[in-house]
Amino acid sequence: MKTPFRLDEHPRRPQPLAPPPDGYFDRLPMQIMKRVEPGSAASSWAGLRWLSALSAPVRTALAAGVVLSGFVGSFLLSENSSTTTTHLAAVPRTEMVEYLLASEQPVTLTDLAELPVTEQALPETPLQVSPDELQEVLDTQPVEDIYL
Amino acid sequence: MEDQDILAKFADPAARNVAFNQLVRKYQTKVYWHIRKMVVDHDDADDLTQDVFVKVWKHLESFRQDASLYTWIYRIATNECLSFLASKRRKFFLPLNDVGAELAAKIEADPSLAGDDIELRLQKAILKLPDKQRLVFNLRYYDEMPYEQMAEVTGTSVGALKASYHHAAKKIEQYINEQA
């Protein structure tokens with residue numbers, strides 16, 4: 001019959017598992033000092049340390065909230081830009097002109113320039129005029145009227 | 001170097017790093033093995049040992065010396081171990097036995113236990129204990145810590161610790177004898 005196992009009769013191993021790699025306890029103080037010295041890479045994340053104090057479900061919920069906020073934010077921004085366009089289109093033309101004329105920067109002739117030539121129908125037959133006649137007609141035209 | 005000398009040196013900003021280095025060198029082996037016996041895996045023990053000493057660095061200034069430095073560091077290490085094991089279970093949604101099975105697999109793969117069947121069974125029996133009881137067993141059986149110091153480390157009464165160790169020893173003997 002086998003002798004039953006008794007804990008107090010069993011030879012005790014102070015360290016029952018395999019020892020750490022050679023030189024581990026020589027390197028460990030240096031590794032720890034690197035982590036605690038000011039200006040170490042670890043301290044640059046000190047502002048986010050509170051995240052590690054949260055439980056995993058809370059961190060997951062927080063991350064999901066951030067992503068969701070991003071979607072909602074981008075949606076609202078795009079909604080605002082199209083709303084602005086719609087609102088501008090609803091402003092009566094006269095009010096817009098009054099606003100432009102009342103603003104500090106006066107509207108110049110250049111701003112309102114529309115070449116009436118483009119709206120006129122071209123004659124079906126080419127003009128039979130000499131260069132001198134053409135020059136004479138052009139000289140009689142007031143220059144500013146062309147742009148109004 | 002005595003703890004009091006280390007603490008006095010640590011209070012001087014110019015000598016703080018040197019004092020802390022001496023503190024780490026004095027306690028690193030005990031802290032490492034205390035953690036290693038709880039988490040089994042060397043890499044986990046390495047991470048946790050570093051975390052413990054980083055916490056010691058942060059809070060050493062506010063250490064009130066109503067406990068010894070030794071038991072205070074052990075207390076931090078103990079809390080780190082228990083938190084680590086609890087978060088491991090939460091993180092992987094594993095029931096109690098599965099974390100135990102994972103640790104048992106690491107024990108079986110440990111080269112220092114190869115060929116020593118009784119020691120292997122003893123280590124597996126210890127892993128069957130709940131974390132806190134395993135901690136009490138390790139402190140008493142391996143570290144031979146007096147019950148009064150264990151009470152400081154665990155925040156439990158001496159009577160409760162004696163009862164816990166007695167029950168743990170009985171469970172271990174029963175498990176090994178059933179396996180034989």
# chains A, B, ... in the order shown; residues from 1 in each chain; ligands from 1
>>> closest_atom_pairs(of="segment 106-139 of chain B", to="segment 152-158 of chain B", cutoff="10 Å", atoms="only C-alpha atoms", output="tab-separated table")
residue	atom	partner	partner_atom	distance
B:Lys132	CA	B:Thr154	CA	8.9
B:Leu135	CA	B:Thr154	CA	9.0
B:Val136	CA	B:Thr154	CA	8.3
B:Leu139	CA	B:Val153	CA	9.6
>>> interface_residues(of="chain B", to="chain A", cutoff="10 Å", atoms="only C-alpha atoms", output="number ranges by chain")
B: 17-18, 20-25, 28-29, 32-34, 36-37, 40-43, 45-46, 49-55, 57-58, 87, 90-91, 107, 109-113, 118-120, 122-123, 141-144, 169-170, 172-178, 180
>>> write_last_selection(atoms="C-alpha atoms", output="tab-separated table (two decimals), in the first residue's frame")
chain	number	residue	atom	x	y	z
B	17	ASN	CA	17.65	57.40	-8.25
B	18	VAL	CA	20.53	55.71	-6.46
B	20	PHE	CA	15.61	53.46	-5.66
B	21	ASN	CA	18.09	51.37	-7.58
B	22	GLN	CA	19.26	49.90	-4.27
B	23	LEU	CA	15.67	49.22	-3.24
B	24	VAL	CA	14.98	47.37	-6.50
B	25	ARG	CA	18.14	45.29	-6.15
B	28	GLN	CA	13.50	42.27	-6.92
B	29	THR	CA	14.13	38.53	-6.43
B	32	TYR	CA	9.60	38.37	-8.84
B	33	TRP	CA	9.18	34.89	-7.29
B	34	HIS	CA	6.13	35.94	-5.31
B	36	ARG	CA	5.89	34.18	-10.65
B	37	LYS	CA	4.36	31.55	-8.36
B	40	VAL	CA	3.47	30.95	-13.55
B	41	ASP	CA	4.57	32.52	-16.85
B	42	HIS	CA	7.95	34.34	-16.80
B	43	ASP	CA	6.91	37.12	-19.22
B	45	ALA	CA	5.88	37.89	-14.01
B	46	ASP	CA	8.44	40.21	-15.63
B	49	THR	CA	7.38	42.95	-11.36
B	50	GLN	CA	8.22	46.09	-13.32
B	51	ASP	CA	4.72	47.48	-12.75
B	52	VAL	CA	5.07	46.85	-9.01
B	53	PHE	CA	8.33	48.79	-8.77
B	54	VAL	CA	6.94	51.64	-10.89
B	55	LYS	CA	4.08	51.88	-8.37
B	57	TRP	CA	8.45	54.67	-7.09
B	58	LYS	CA	5.26	56.71	-7.46
B	87	SER	CA	-8.62	40.81	-15.53
B	90	ARG	CA	-12.65	39.02	-17.61
B	91	LYS	CA	-10.65	39.73	-20.76
B	107	ILE	CA	3.38	24.13	-15.24
B	109	ALA	CA	5.75	22.57	-19.82
B	110	ASP	CA	8.13	23.85	-17.15
B	111	PRO	CA	11.49	22.10	-17.66
B	112	SER	CA	12.43	22.19	-13.98
B	113	LEU	CA	9.52	19.89	-13.14
B	118	ILE	CA	5.27	14.35	-7.09
B	119	GLU	CA	6.43	17.97	-7.45
B	120	LEU	CA	4.45	18.33	-10.67
B	122	LEU	CA	1.96	19.36	-6.00
B	123	GLN	CA	2.17	22.39	-8.32
B	141	TYR	CA	4.72	27.48	2.60
B	142	TYR	CA	7.37	28.93	0.26
B	143	ASP	CA	8.24	32.33	1.75
B	144	GLU	CA	7.76	31.14	5.36
B	169	ALA	CA	-2.85	22.15	2.88
B	170	LYS	CA	-5.65	19.60	3.39
B	172	ILE	CA	-3.61	19.78	-1.64
B	173	GLU	CA	-2.93	16.52	0.20
B	174	GLN	CA	-6.37	15.22	-0.75
B	175	TYR	CA	-5.90	16.11	-4.43
B	176	ILE	CA	-2.47	14.46	-4.63
B	177	ASN	CA	-3.63	11.31	-2.86
B	178	GLU	CA	-6.65	11.03	-5.17
B	180	ALA	CA	-1.96	8.69	-7.02
>>> select_by_dssp(residues="segment 3-157 of chain B", states="alpha helix (DSSP H)", output="NGL selection string")
:B and (3-11 or 16-39 or 42-59 or 69-91 or 96-108 or 117-127 or 131-141 or 147-154)
>>> atom_distance(atom1="atom CA of Leu7 of chain B", atom2="atom CA of Leu60 of chain B")
8.2 Å
>>> residues_around(residues="segment 62-74 of chain B", least_positions_apart="4", cutoff="8 Å", atoms="only C-alpha atoms", output="PyMOL selection string")
chain B and resi 3+27+31+52+56+78+149-150+152-153
>>> closest_residue(among="B:Ala114, B:Glu80, B:Met38, B:Ala86", to="Asn138 of chain B", atoms="only C-alpha atoms")
B:Met38
>>> residues_around(residues="Phe84 of chain B", least_positions_apart="5", cutoff="9 Å", atoms="only C-alpha atoms", output="VMD selection string")
chain B and resid 39 48 79 89
>>> write_last_selection(atoms="N, CA and C atoms", output="mmCIF file, in the first residue's frame")
data_model
loop_
_atom_site.group_PDB
_atom_site.id
_atom_site.type_symbol
_atom_site.label_atom_id
_atom_site.label_comp_id
_atom_site.auth_asym_id
_atom_site.auth_seq_id
_atom_site.Cartn_x
_atom_site.Cartn_y
_atom_site.Cartn_z
ATOM 1 N N VAL B 39 1.448 33.720 -11.207
ATOM 2 C CA VAL B 39 1.060 33.812 -12.631
ATOM 3 C C VAL B 39 1.752 32.770 -13.503
ATOM 4 N N LEU B 48 4.713 42.276 -14.554
ATOM 5 C CA LEU B 48 4.103 42.658 -13.271
ATOM 6 C C LEU B 48 5.157 43.137 -12.271
ATOM 7 N N ASN B 79 -1.584 42.699 -4.741
ATOM 8 C CA ASN B 79 -2.729 43.330 -5.407
ATOM 9 C C ASN B 79 -2.574 43.291 -6.923
ATOM 10 N N ARG B 89 -9.298 36.714 -16.526
ATOM 11 C CA ARG B 89 -10.569 35.979 -16.638
ATOM 12 C C ARG B 89 -11.626 36.822 -17.334
#
